[in-house]
Amino acid sequence: MVRINGLALVTSALLVWLLPPVAARADGSQATPGDVLYQPSVGQEGKDVIWVPTPDALMQAMLDIANIQDGDILYDLGSGDGKIVIGAAQRYGIKAVGIEYNPDLVALAKRHAARAAVNDKVTFIRGDIFKEDFSEATVLTLYLLPQLNVKLKPTILAMRPGTRVVSNSFDMGTWPADATIELEGGRGYFWVVPASVQGRWQLGAHGAKPAAELDIQQSFQLLGGRLLLNGESLSILSGRMRGEAISFTYGTRSANGDEPRGTFKGTVRAGILAGTLSDQGVDVQLSGGRIGQALRSRP
């Protein structure tokens with residue numbers, strides 16, 4: 001349930017097709033991760049992690065929660081035998097790239113891709129995930145250790161807002177997940193990279209003088225702060241970013257609890273925050289920009 005990677009002159013490319021086929025299940029997934037040239041062992045040590053294949057059910061759930069669309073580009077960090085990369089290319093027809101340090105696993109993944117007839121859609125890079133550039137990804141999958149996730153977190157948060165990130169088994173420390181996957185024998189975590197909105201914003205209606213001022217405090221996708229509306233200071237009671245989409249409720253806080261008054265829903269794109277303020281039954285279209293420079297918002 002979901003909650004919400006002559007015969008003596010035969011070339012290496014041709015050799016792939018002459019190898020005995022890897023056993024496959026009815027859904028097209030591989031029953032064994034290796035082939036006659038290389039058979040990885042579950043738990044074998046790598047550069048930073050040990051190799052453990054992702055179960056089929058969890059792989060499908062990870063791809064499902066990412067809501068992959070035409071035009072997406074998937075990168076799998078620590079791609080191993082290429083299972084997720086090949087699965088994404090087969091199922092969705094998208095470009096998919098794996099980054100893996102072990103050269104034997106990279107070669108194995110390339111042979112798997114050839115047998116799956118997705119060579120035109122997939123690429124496997126023998127490289128270090130902390131040195132390779134994966135900024136073009138719109139979907140990022142990973143199966144690393146907790147400390148590696150935390151080390152990658154600043155790089156991931158600097159990616160394009162709206163990038164979807166799915167991690168097998170481990171979270172991102174202080175960055176709360178937007179959703180989780182819970183299966184019998186498997187768990188996953190899902191995030192959408194949020195746009196940075198930390199700081200002060202002035203918003204107006206149709207070019208008029210500022211009707212509202214926002215002072216936003218941001219912690220990853222979660223927002224707080226103040227809204228100055230027609231001279232009245234109100235609290236942002238609960239706010240959230242989902243990529244470029246911003247939404248929050250506002251009102252007053254007291255010892256007796258929060259008293260919501262209205263909502264704002266909009267987007268942040270190219271330095272412009274725009275959306276609909278719904279205040280006591282009246283909708284107003286507002287847009288504007290930051291006052292000064294954005295502040296650091298992501299510990």
# chains A, B, ... in the order shown; residues from 1 in each chain; ligands from 1
>>> residues_around(residues="Leu77 (chain A)", least_positions_apart="3", cutoff="10 Å", atoms="only C-alpha atoms", output="list in words")
Asn5, Leu74, Gly80, Val85, Val97, Gly98, Ile99, Glu100, Tyr101, Gly127, Asp128, Ile129, Phe130, Glu132, Phe134, Leu140, Thr141, Leu142, Tyr143, Leu144 and Ser167 of chain A
>>> residues_around(residues="region 224-235 of chain A", least_positions_apart="6", cutoff="8 Å", atoms="only C-alpha atoms", output="PyMOL selection string")
chain A and resi 211-218+250-253
>>> closest_residue(among="A:Ala270, A:Gln198, A:Val166, A:Gly204", to="Gly292 (chain A)", atoms="only C-alpha atoms")
A:Gln198
>>> closest_residue(among="A:Tyr75, A:Phe264, A:Tyr92, A:Phe248", to="Asp279 (chain A)", atoms="only C-alpha atoms")
A:Phe264
>>> select_by_dssp(residues="region 51-228 of chain A", states="helix (DSSP H, G or I)", output="PyMOL selection string")
chain A and resi 56-65+83-92+103-115+146-157
>>> closest_residue(among="A:Val118, A:Val49, A:Ala61, A:Leu152", to="Asn102 (chain A)", atoms="only C-alpha atoms")
A:Val49
>>> atom_distance(atom1="CA of Thr163 (chain A)", atom2="CA of Val139 (chain A)")
5.7 Å
>>> closest_residue(among="A:Pro53, A:Ser196, A:Pro103, A:Val268", to="Asn168 (chain A)", atoms="only C-alpha atoms")
A:Pro53
>>> atom_distance(atom1="CA of Met59 (chain A)", atom2="CA of Ile246 (chain A)")
29.6 Å
>>> select_by_dssp(residues="region 105-244 of chain A", states="strand (DSSP E)", output="count of residues only")
59
>>> atom_distance(atom1="CA of Leu222 (chain A)", atom2="CA of Val197 (chain A)")
10.4 Å
